[in-house]
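> upload14.csv is the file, holding CSV, C-alpha atoms:
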chain,number,residue,atom,x,y,z
A,1,MET,CA,-2.3,-22.6,10.3
A,2,GLY,CA,-0.7,-25.5,12.1
A,3,ALA,CA,3.0,-25.9,12.9
A,4,GLY,CA,3.2,-28.4,10.0
A,5,GLN,CA,2.7,-25.6,7.5
A,6,LYS,CA,5.9,-23.8,8.6
A,7,ARG,CA,8.1,-26.1,6.5
A,8,GLU,CA,11.0,-23.8,5.6
A,9,LEU,CA,14.0,-23.2,7.8
A,10,VAL,CA,15.1,-19.5,7.8
A,11,SER,CA,17.9,-17.6,9.5
A,12,PHE,CA,17.5,-14.1,10.8
A,13,GLU,CA,20.6,-12.0,10.3
A,14,LYS,CA,21.6,-8.5,11.2
A,15,ARG,CA,24.7,-6.5,10.4
A,16,ALA,CA,27.6,-6.4,12.8
A,17,VAL,CA,28.2,-2.9,14.1
A,18,GLY,CA,31.9,-1.9,14.0
A,19,PRO,CA,34.4,0.0,11.8
A,20,THR,CA,34.8,-1.1,8.2
A,21,GLU,CA,37.7,-0.7,5.9
A,22,GLY,CA,36.0,2.2,4.2
A,23,GLY,CA,35.6,4.1,7.4
A,24,GLY,CA,32.0,3.2,7.9
A,25,THR,CA,30.4,1.6,10.9
A,26,VAL,CA,28.6,-1.4,9.4
A,27,GLY,CA,30.1,-4.9,9.2
A,28,PRO,CA,29.1,-8.2,7.7
A,29,TRP,CA,25.8,-10.0,8.2
A,30,GLN,CA,25.7,-12.3,11.2
A,31,GLU,CA,23.2,-15.0,12.0
A,32,GLN,CA,21.1,-14.3,15.2
A,33,PHE,CA,18.9,-17.4,15.2
A,34,GLN,CA,17.0,-19.9,13.0
A,35,THR,CA,13.4,-20.9,13.0
A,36,SER,CA,10.7,-22.5,10.9
A,37,ALA,CA,8.6,-20.4,8.6
A,38,ARG,CA,5.7,-20.5,6.1
A,39,VAL,CA,6.5,-18.8,2.8
A,40,ARG,CA,3.9,-17.1,0.6
A,41,TYR,CA,4.8,-15.5,-2.7
A,42,LEU,CA,2.6,-12.5,-3.5
A,43,ARG,CA,1.3,-12.7,-7.1
A,44,GLY,CA,-1.6,-10.3,-7.7
A,45,GLY,CA,-2.3,-6.6,-7.5
A,46,GLU,CA,-0.9,-3.8,-9.7
A,47,ASN,CA,1.9,-2.8,-7.3
A,48,VAL,CA,3.1,-6.4,-6.9
A,49,ILE,CA,3.1,-7.0,-10.7
A,50,GLY,CA,5.0,-3.7,-11.2
A,51,GLN,CA,7.6,-4.8,-8.7
A,52,ARG,CA,7.9,-8.2,-10.3
A,53,MET,CA,8.5,-6.5,-13.7
A,54,LYS,CA,11.5,-4.8,-12.1
A,55,GLY,CA,12.9,-8.1,-10.8
A,56,VAL,CA,11.7,-7.5,-7.2
A,57,SER,CA,9.5,-10.2,-5.7
A,58,PRO,CA,7.5,-9.5,-2.5
A,59,ILE,CA,7.3,-12.5,-0.1
A,60,ILE,CA,5.6,-13.0,3.3
A,61,PHE,CA,7.3,-15.2,5.9
A,62,THR,CA,5.1,-16.3,8.7
A,63,VAL,CA,6.9,-17.2,11.9
A,64,HIS,CA,6.0,-18.0,15.5
A,65,ASP,CA,6.0,-14.9,17.7
A,66,PHE,CA,8.5,-15.5,20.5
A,67,THR,CA,11.2,-13.7,22.4
A,68,LYS,CA,13.8,-13.8,19.6
A,69,THR,CA,11.4,-12.8,16.8
A,70,GLN,CA,10.3,-9.8,18.8
A,71,LEU,CA,13.8,-8.4,18.4
A,72,VAL,CA,13.7,-8.4,14.6
A,73,THR,CA,13.4,-5.0,12.8
A,74,ASN,CA,13.4,-4.0,9.2
A,75,ARG,CA,17.2,-3.4,9.4
A,76,TRP,CA,17.6,-7.2,9.5
A,77,ARG,CA,17.3,-9.7,6.7
A,78,ILE,CA,16.1,-13.3,6.3
A,79,ARG,CA,18.1,-16.1,4.7
A,80,ASP,CA,16.6,-19.3,3.4
A,81,VAL,CA,18.9,-21.9,5.0
A,82,ARG,CA,18.2,-24.5,2.2
A,83,THR,CA,18.7,-22.2,-0.8
A,84,GLY,CA,20.9,-19.4,0.6
A,85,ASP,CA,18.6,-16.8,-0.9
A,86,THR,CA,18.4,-13.6,1.2
A,87,TYR,CA,15.4,-11.3,1.7
A,88,ASN,CA,15.3,-7.7,2.9
A,89,ILE,CA,12.6,-7.2,5.6
A,90,ARG,CA,10.2,-4.4,4.8
A,91,SER,CA,7.6,-4.7,7.5
A,92,ILE,CA,6.5,-6.9,10.4
A,93,THR,CA,2.8,-7.3,11.4
A,94,PRO,CA,0.8,-9.6,13.5
A,95,GLY,CA,-0.2,-12.8,11.7
A,96,GLU,CA,-3.7,-14.2,11.0
A,97,ARG,CA,-3.4,-16.4,14.1
A,98,ALA,CA,-2.3,-15.5,17.6
A,99,PHE,CA,1.4,-16.0,18.2
A,100,ASP,CA,2.3,-15.6,14.5
A,101,LEU,CA,4.1,-12.7,12.8
A,102,ASP,CA,3.9,-11.9,9.1
A,103,ILE,CA,7.1,-10.5,7.8
A,104,LEU,CA,6.9,-8.8,4.4
A,105,CYS,CA,10.2,-9.2,2.5
A,106,GLU,CA,11.7,-8.5,-0.9
A,107,ILE,CA,14.1,-10.5,-3.0
A,108,GLY,CA,15.9,-8.9,-6.0
A,109,VAL,CA,17.0,-5.7,-4.3
A,110,PRO,CA,20.5,-5.0,-2.8
A,111,ASP,CA,21.1,-6.2,0.8
A,112,GLY,CA,20.7,-3.6,3.5
If you took the structure in this file and wrote it as structure tokens, what would it be?

Amino acid sequence: MGAGQKRELVSFEKRAVGPTEGGGTVGPWQEQFQTSARVRYLRGGENVIGQRMKGVSPIIFTVHDFTKTQLVTNRWRIRDVRTGDTYNIRSITPGERAFDLDILCEIGVPDG
């Protein structure tokens, strides 16, 4: 996959850590960096179809593996810069090509 296939601009966000009004220790989401990504919507398989019936859509974002993306964990989220949609990160695995990461996300679930 060439760089030309990574056409979407995404923002990686994590929660600020600090006291909240309710006495917790988690704050609002804060952008850490932006990068280009390829987006693939998963469509098949029994598990995927079951999730989609519940309003949850699994999506894979493929991004370049570099210093900043190596900091990302499943406690972060991805925001599509163009649409504003947010996606909870479920897992991060090496991509099909060297220097790529595949990030499995879900939309349709509460943030966090």
> Can you tell me which residues surround Thr93 in chain A at a distance of at most 7 Å, considering all atoms listed in the file, apart from same-chain residues fewer than 6 positions away, and format the answer as a compact mmCIF listing (two decimals) with C-alpha atoms, keeping the file's coordinate frame?

# COMPACT_ATOMS: atom_id res chain seq x y z
CA LEU A 101 4.10 -12.70 12.80
CA ASP A 102 3.90 -11.90 9.10
CA ILE A 103 7.10 -10.50 7.80
> Considering only C-alpha atoms, return as a ChimeraX atom specification whatever protein or nucleic-acid residues lie within 12 Å of Ile92 in chain A, sequence-local ones (same chain, fewer than 3 positions apart) excluded.
/A:59-63,65,69-77,88-89,95,100-105
> Go ahead and save the residues from that selection, with C-alpha atoms, as a short mmCIF file (atom, residue, chain, number, x, y, z; two decimals), in the coordinates of the input.

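The result, written out as out02.cif:
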data_model
loop_
_atom_site.label_atom_id
_atom_site.label_comp_id
_atom_site.auth_asym_id
_atom_site.auth_seq_id
_atom_site.Cartn_x
_atom_site.Cartn_y
_atom_site.Cartn_z
CA ILE A 59 7.30 -12.50 -0.10
CA ILE A 60 5.60 -13.00 3.30
CA PHE A 61 7.30 -15.20 5.90
CA THR A 62 5.10 -16.30 8.70
CA VAL A 63 6.90 -17.20 11.90
CA ASP A 65 6.00 -14.90 17.70
CA THR A 69 11.40 -12.80 16.80
CA GLN A 70 10.30 -9.80 18.80
CA LEU A 71 13.80 -8.40 18.40
CA VAL A 72 13.70 -8.40 14.60
CA THR A 73 13.40 -5.00 12.80
CA ASN A 74 13.40 -4.00 9.20
CA ARG A 75 17.20 -3.40 9.40
CA TRP A 76 17.60 -7.20 9.50
CA ARG A 77 17.30 -9.70 6.70
CA ASN A 88 15.30 -7.70 2.90
CA ILE A 89 12.60 -7.20 5.60
CA GLY A 95 -0.20 -12.80 11.70
CA ASP A 100 2.30 -15.60 14.50
CA LEU A 101 4.10 -12.70 12.80
CA ASP A 102 3.90 -11.90 9.10
CA ILE A 103 7.10 -10.50 7.80
CA LEU A 104 6.90 -8.80 4.40
CA CYS A 105 10.20 -9.20 2.50
#
> Do you know which residues lie at most 10 Å from (19.4, -22.2, 1.4), with coordinates as in the file and only C-alpha atoms counted, and could you write them as number ranges by chain?
A: 8-11, 79-86
> Hey, what's within 8 Å of Gln32 in chain A if we count only C-alpha atoms and toss same-chain stuff fewer than 3 positions away? As a list in words, please?
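Result of the neighbour search: Ser11, Phe12, Glu13 and Lys14 of chain A.
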> Put those residues in a file: C-alpha atoms, as a short mmCIF file (atom, residue, chain, number, x, y, z; two decimals), keeping the file's coordinate frame.

data_model
loop_
_atom_site.label_atom_id
_atom_site.label_comp_id
_atom_site.auth_asym_id
_atom_site.auth_seq_id
_atom_site.Cartn_x
_atom_site.Cartn_y
_atom_site.Cartn_z
CA SER A 11 17.90 -17.60 9.50
CA PHE A 12 17.50 -14.10 10.80
CA GLU A 13 20.60 -12.00 10.30
CA LYS A 14 21.60 -8.50 11.20
#
> Record the distance separating CA of Arg7 in chain A and CA of Arg90 in chain A, expressed in Å with one decimal.
21.9 Å
> Point out the residue among A:Thr67, A:Gln5, A:Gln30, A:Ser91 with the least atom-to-atom distance to Val17 in chain A, counting all atoms listed in the file.
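Nearest to Val17 in chain A: A:Gln30.
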> Rounded to one decimal, what separation in Å do you get between CA of Pro94 in chain A and CA of Phe33 in chain A?
19.8 Å
> Between A:Arg40, A:Glu106, A:Gly18, A:Thr35, which one has atoms that come closest to His64 in chain A, using only C-alpha atoms?
A:Thr35
> Of the candidates A:Pro19, A:Gln34, A:Trp29, A:Arg97, which shows the shortest atom-to-atom distance to Lys68 in chain A, using all atoms listed in the file?
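Looking only at the distances to Lys68 in chain A, the closest residue turns out to be A:Gln34.
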> So what do you get for CA of Phe66 in chain A versus CA of Ala98 in chain A, distance-wise?
11.2 Å
> Using all atoms listed in the file for the distances, tell me which of A:Pro58, A:Lys6, A:Ala16, A:Gly22 is nearest to Ala37 in chain A.
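Looking only at the distances to Ala37 in chain A, the closest residue turns out to be A:Lys6.
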